[in-house]
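Read through the structure below, which is laid out as structure tokens, and then see the notes.
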Amino acid sequence: MREDPNYRDEREAINLFFGGKAVLTISDVSRYFQCSRKSVREKYKITDDITAVQLAKLMCRINGAH
């Protein structure tokens, strides 16, 4: 499977935002998306901690869906 062309940019943005933090909480992700924790759980189906890698992949899927 090929790497999404935007993956590295997404990963870099996440790393800059969180200072290289590897594992993110729902609160972290809600701050990044600028929405509530409830929205993160419902809209993005994130129910537990997520790694920066997983979040970057999710962002690529979200951006590719438009």
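Identifiers in this document derive from the order of the structure tokens: chains are assigned A, B, ..., residues are numbered from 1 separately in each chain, and ligands are numbered from 1 in order of occurrence.
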
Give me, as a CSV table (one decimal) with all heavy atoms, in the first residue's frame, all polymer residues having an atom no more than 9 Å from Ile14 in chain A, counting only C-alpha atoms and skipping those fewer than 2 positions away in the same chain.
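Saved as result_14.csv:
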```csv
chain,number,residue,atom,x,y,z
A,9,ASP,N,3.0,15.6,5.5
A,9,ASP,CA,2.6,16.9,5.9
A,9,ASP,C,1.7,16.9,7.1
A,9,ASP,O,1.8,17.7,8.1
A,9,ASP,CB,1.9,17.6,4.8
A,9,ASP,CG,2.8,18.0,3.6
A,9,ASP,OD1,4.1,18.1,3.8
A,9,ASP,OD2,2.3,18.2,2.5
A,10,GLU,N,0.7,16.0,7.1
A,10,GLU,CA,-0.2,15.8,8.3
A,10,GLU,C,0.6,15.4,9.5
A,10,GLU,O,0.4,16.0,10.6
A,10,GLU,CB,-1.3,14.8,8.0
A,10,GLU,CG,-2.2,15.1,6.9
A,10,GLU,CD,-3.2,16.2,7.2
A,10,GLU,OE1,-3.2,16.7,8.3
A,10,GLU,OE2,-3.9,16.6,6.3
A,11,ARG,N,1.5,14.5,9.4
A,11,ARG,CA,2.3,14.0,10.5
A,11,ARG,C,3.2,15.2,11.1
A,11,ARG,O,3.2,15.4,12.3
A,11,ARG,CB,3.2,12.9,10.1
A,11,ARG,CG,4.0,12.3,11.1
A,11,ARG,CD,3.2,11.4,12.1
A,11,ARG,NE,4.0,11.1,13.3
A,11,ARG,CZ,4.8,10.1,13.4
A,11,ARG,NH1,5.0,9.3,12.4
A,11,ARG,NH2,5.5,9.9,14.5
A,12,GLU,N,3.8,16.0,10.2
A,12,GLU,CA,4.6,17.1,10.6
A,12,GLU,C,3.8,18.1,11.3
A,12,GLU,O,4.2,18.6,12.4
A,12,GLU,CB,5.3,17.7,9.4
A,12,GLU,CG,6.2,18.9,9.8
A,12,GLU,CD,6.9,19.5,8.6
A,12,GLU,OE1,6.8,18.9,7.5
A,12,GLU,OE2,7.6,20.5,8.8
A,16,LEU,N,4.3,19.2,15.2
A,16,LEU,CA,4.5,20.6,15.6
A,16,LEU,C,3.5,21.0,16.6
A,16,LEU,O,3.9,21.7,17.6
A,16,LEU,CB,4.5,21.5,14.4
A,16,LEU,CG,5.7,21.4,13.5
A,16,LEU,CD1,5.5,22.2,12.2
A,16,LEU,CD2,7.0,21.8,14.1
A,17,PHE,N,2.3,20.7,16.4
A,17,PHE,CA,1.2,21.1,17.3
A,17,PHE,C,1.4,20.5,18.7
A,17,PHE,O,1.1,21.2,19.7
A,17,PHE,CB,-0.2,20.7,16.7
A,17,PHE,CG,-1.4,21.3,17.4
A,17,PHE,CD1,-1.8,22.6,17.1
A,17,PHE,CD2,-2.0,20.6,18.4
A,17,PHE,CE1,-2.9,23.1,17.8
A,17,PHE,CE2,-3.1,21.1,19.1
A,17,PHE,CZ,-3.6,22.4,18.8
A,18,PHE,N,1.7,19.3,18.8
A,18,PHE,CA,1.8,18.6,20.0
A,18,PHE,C,3.3,18.4,20.6
A,18,PHE,O,3.5,17.7,21.5
A,18,PHE,CB,1.2,17.2,19.9
A,18,PHE,CG,-0.3,17.2,19.8
A,18,PHE,CD1,-0.9,16.9,18.6
A,18,PHE,CD2,-1.1,17.7,20.8
A,18,PHE,CE1,-2.3,17.0,18.4
A,18,PHE,CE2,-2.5,17.7,20.7
A,18,PHE,CZ,-3.1,17.4,19.4
A,19,GLY,N,4.2,19.0,19.9
A,19,GLY,CA,5.6,19.0,20.4
A,19,GLY,C,6.2,17.6,20.3
A,19,GLY,O,7.0,17.2,21.2
A,20,GLY,N,5.8,16.8,19.4
A,20,GLY,CA,6.3,15.4,19.2
A,20,GLY,C,5.7,14.4,20.1
A,20,GLY,O,6.2,13.3,20.2
A,21,LYS,N,4.6,14.7,20.8
A,21,LYS,CA,3.9,13.8,21.7
A,21,LYS,C,3.4,12.6,20.8
A,21,LYS,O,2.8,12.8,19.8
A,21,LYS,CB,2.8,14.5,22.3
A,21,LYS,CG,2.0,13.7,23.4
A,21,LYS,CD,1.0,14.6,24.0
A,21,LYS,CE,0.2,13.8,25.1
A,21,LYS,NZ,-0.9,14.7,25.6
A,32,TYR,N,-7.0,19.9,18.8
A,32,TYR,CA,-6.4,20.0,17.4
A,32,TYR,C,-7.5,20.2,16.4
A,32,TYR,O,-7.3,21.1,15.5
A,32,TYR,CB,-5.7,18.7,17.1
A,32,TYR,CG,-4.9,18.7,15.8
A,32,TYR,CD1,-3.8,19.4,15.7
A,32,TYR,CD2,-5.3,18.0,14.7
A,32,TYR,CE1,-3.0,19.5,14.5
A,32,TYR,CE2,-4.6,18.0,13.5
A,32,TYR,CZ,-3.5,18.8,13.4
A,32,TYR,OH,-2.7,18.8,12.3
A,52,ALA,N,0.0,9.6,17.2
A,52,ALA,CA,0.1,10.6,16.2
A,52,ALA,C,0.1,10.0,14.8
A,52,ALA,O,-0.5,10.6,13.8
A,52,ALA,CB,1.4,11.4,16.4
A,53,VAL,N,0.6,8.8,14.6
A,53,VAL,CA,0.6,8.2,13.3
A,53,VAL,C,-0.8,7.9,12.9
A,53,VAL,O,-1.2,8.1,11.8
A,53,VAL,CB,1.5,6.9,13.4
A,53,VAL,CG1,1.3,6.0,12.1
A,53,VAL,CG2,3.0,7.2,13.5
A,55,LEU,N,-3.5,9.3,13.9
A,55,LEU,CA,-4.2,10.6,13.6
A,55,LEU,C,-3.9,11.1,12.2
A,55,LEU,O,-4.7,11.6,11.5
A,55,LEU,CB,-4.0,11.6,14.7
A,55,LEU,CG,-4.7,12.9,14.6
A,55,LEU,CD1,-6.2,12.7,14.6
A,55,LEU,CD2,-4.3,13.9,15.7
A,56,ALA,N,-2.6,11.0,11.9
A,56,ALA,CA,-2.2,11.5,10.5
A,56,ALA,C,-2.9,10.7,9.4
A,56,ALA,O,-3.3,11.2,8.4
A,56,ALA,CB,-0.7,11.4,10.4
```

DSSP-assigned strand (DSSP E) among chain A, expressed as a PyMOL selection string: chain A and resi 23-24+50-51

So which one's closest to Val40 in chain A, A:Tyr7, A:Arg2, A:Thr25, A:Asn15? Using only C-alpha atoms, please. A:Thr25

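Taking only C-alpha atoms into account, Asp48 in chain A lies nearest to A:Ser27 out of the set A:Asp4, A:Ser27, A:Ala22, A:Phe33.
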
Between CA of Met59 in chain A and CA of Asp28 in chain A, what is the spacing in Å?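 Distance between the two atoms: 14.6 Å.
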